[in-house]
Amino acid sequence: MSLLDGLEIGQVVAERTVHLTRDSLVRYAGASGDFNAIHYRDDVAAQVGLPGVLAHGMLTMGVAVQPVIDWADARGWVSDYQVRFTRPVVVDPQQGADLTITATVAALDDDTARIDLTVTFADQTVLGKAQVRVTTLA
Amino acid sequence: MNPELTERAFAPTAPYLVGREKVREFARAVLATAPLHHDPEAARAAGFADVVAPPIFPIVIAEATLQQLLAEPDAGIDFSRVVHGEQRFTYSRPIVAGDELTATLRVTSIKTLGGNSMVTSESAMTDAAGEHVVTSISTLVIRGDDA
């Protein structure tokens, strides 16, 4: 069955809550090569006036699209993905941080669905204009 | 910010060879558990030559072009004041392990707004055959002295 069969605008295709910890940040730093210390050192974060150690914006972006990929499975691929970073995600050393992701169908054409993401942390959205285009695999 | 950066030509980066283990490592870091990212057989069954990189993987390659931008002696970018504002990836096809990608940087816009500067740049990535694979578009916000 094609990815787009029966899909309707406004339909929620995936919802998930993801738990990030300081370990997640260190792992992403290593994998990506982004070793900015505000993502793992409380003293450096405080020095530059931040409320705490922050998740990399790119980690939030990378994690947020995952429910869409799992939904598409091998039926589609992400041909376009964009976000605005609107609020920081503060990752507590003991409690971590929970991101809640909702993926909703926003537009449809012949071979592509535009899925919009709502990503919240502590009841506030952290990404703006988070749009994923999923193109069907032939 | 130096507005003339938008007219500057940057040299293509050295080719980046996408490794299977790097794709797996990066996938683990962004909690990407789908078999397409980890299992070459699953990837081949879906029509790909090898494991598929997660959508934001090109940021690893774009890092080299960011360094080119920061290294411009007249760029006027203080990295400690840089915040990532927006990010977009626009693909012609997915990246798979075995791809050899070369990125070419272009600064597309520089704006100043209330003491902050916003610089938007594109890294267009092509494969070994010279075909376009993906363009990474980043907007960086450089906070002004008072911000």
# chains A, B, ... in the order shown; residues from 1 in each chain; ligands from 1
call {"tool": "interface_residues", "arguments": {"of": "chain B", "to": "chain A", "cutoff": "6 Å", "atoms": "only C-alpha atoms", "output": "list in words"}}
result
Phe26, Ala29, Val30, Ala46, Ile56, Val60, Gly85, Glu86, Gln87, Arg88, Phe89, Thr90 and Tyr91 of chain B
call {"tool": "atom_distance", "arguments": {"atom1": "CA of Thr120 in chain A", "atom2": "CA of Lys111 in chain B"}}
result
28.8 Å
call {"tool": "closest_residue", "arguments": {"among": "B:Pro54, B:Gly130, B:Pro15, B:Gly98", "to": "Thr33 in chain B", "atoms": "only C-alpha atoms"}}
result
B:Pro54
call {"tool": "select_by_dssp", "arguments": {"residues": "range 18-126 of chain A", "states": "helix (DSSP H, G or I)", "output": "PDB file with C-alpha atoms, in the first residue's frame"}}
result
ATOM      1  CA  ARG A  22      23.167  14.489  29.385  1.00  0.00           C
ATOM      2  CA  ASP A  23      24.397  11.184  27.941  1.00  0.00           C
ATOM      3  CA  SER A  24      22.315  11.875  24.820  1.00  0.00           C
ATOM      4  CA  LEU A  25      24.071  15.234  24.440  1.00  0.00           C
ATOM      5  CA  VAL A  26      27.545  13.753  24.795  1.00  0.00           C
ATOM      6  CA  ARG A  27      26.702  11.027  22.303  1.00  0.00           C
ATOM      7  CA  TYR A  28      25.400  13.582  19.785  1.00  0.00           C
ATOM      8  CA  ALA A  29      28.470  15.786  20.326  1.00  0.00           C
ATOM      9  CA  GLY A  30      30.719  12.854  19.491  1.00  0.00           C
ATOM     10  CA  ALA A  31      28.736  11.691  16.475  1.00  0.00           C
ATOM     11  CA  SER A  32      28.269  15.156  14.979  1.00  0.00           C
ATOM     12  CA  ALA A  37      30.803  23.208  25.721  1.00  0.00           C
ATOM     13  CA  ILE A  38      27.368  24.734  26.417  1.00  0.00           C
ATOM     14  CA  HIS A  39      26.036  21.273  25.587  1.00  0.00           C
ATOM     15  CA  ASP A  42      27.187  23.690  33.456  1.00  0.00           C
ATOM     16  CA  ASP A  43      29.896  26.212  34.296  1.00  0.00           C
ATOM     17  CA  VAL A  44      30.330  27.279  30.662  1.00  0.00           C
ATOM     18  CA  ALA A  45      26.558  27.468  30.137  1.00  0.00           C
ATOM     19  CA  ALA A  46      26.237  29.694  33.216  1.00  0.00           C
ATOM     20  CA  GLN A  47      29.149  31.870  32.070  1.00  0.00           C
ATOM     21  CA  GLY A  57      19.386  22.370  18.268  1.00  0.00           C
ATOM     22  CA  MET A  58      20.380  19.785  15.675  1.00  0.00           C
ATOM     23  CA  LEU A  59      19.799  16.959  18.154  1.00  0.00           C
ATOM     24  CA  THR A  60      16.261  18.229  18.721  1.00  0.00           C
ATOM     25  CA  MET A  61      15.807  18.490  14.944  1.00  0.00           C
ATOM     26  CA  GLY A  62      17.198  14.997  14.414  1.00  0.00           C
ATOM     27  CA  VAL A  63      15.100  13.360  17.112  1.00  0.00           C
ATOM     28  CA  ALA A  64      11.904  15.189  16.132  1.00  0.00           C
ATOM     29  CA  GLN A  66      12.202  10.117  13.837  1.00  0.00           C
ATOM     30  CA  PRO A  67       8.510   9.315  14.434  1.00  0.00           C
ATOM     31  CA  VAL A  68       7.842  10.367  10.819  1.00  0.00           C
ATOM     32  CA  ILE A  69      10.558   8.069   9.506  1.00  0.00           C
ATOM     33  CA  ASP A  70       9.188   5.168  11.526  1.00  0.00           C
ATOM     34  CA  TRP A  71       5.700   5.891  10.187  1.00  0.00           C
ATOM     35  CA  ALA A  72       6.938   6.070   6.579  1.00  0.00           C
ATOM     36  CA  ASP A  73       9.013   2.908   7.096  1.00  0.00           C
ATOM     37  CA  ALA A  74      10.324   1.734   3.708  1.00  0.00           C
ATOM     38  CA  ARG A  75       7.416   3.384   1.855  1.00  0.00           C
TER      39      ARG A  75
END
call {"tool": "atom_distance", "arguments": {"atom1": "CA of Asp50 in chain B", "atom2": "CA of Glu25 in chain B"}}
result
14.8 Å
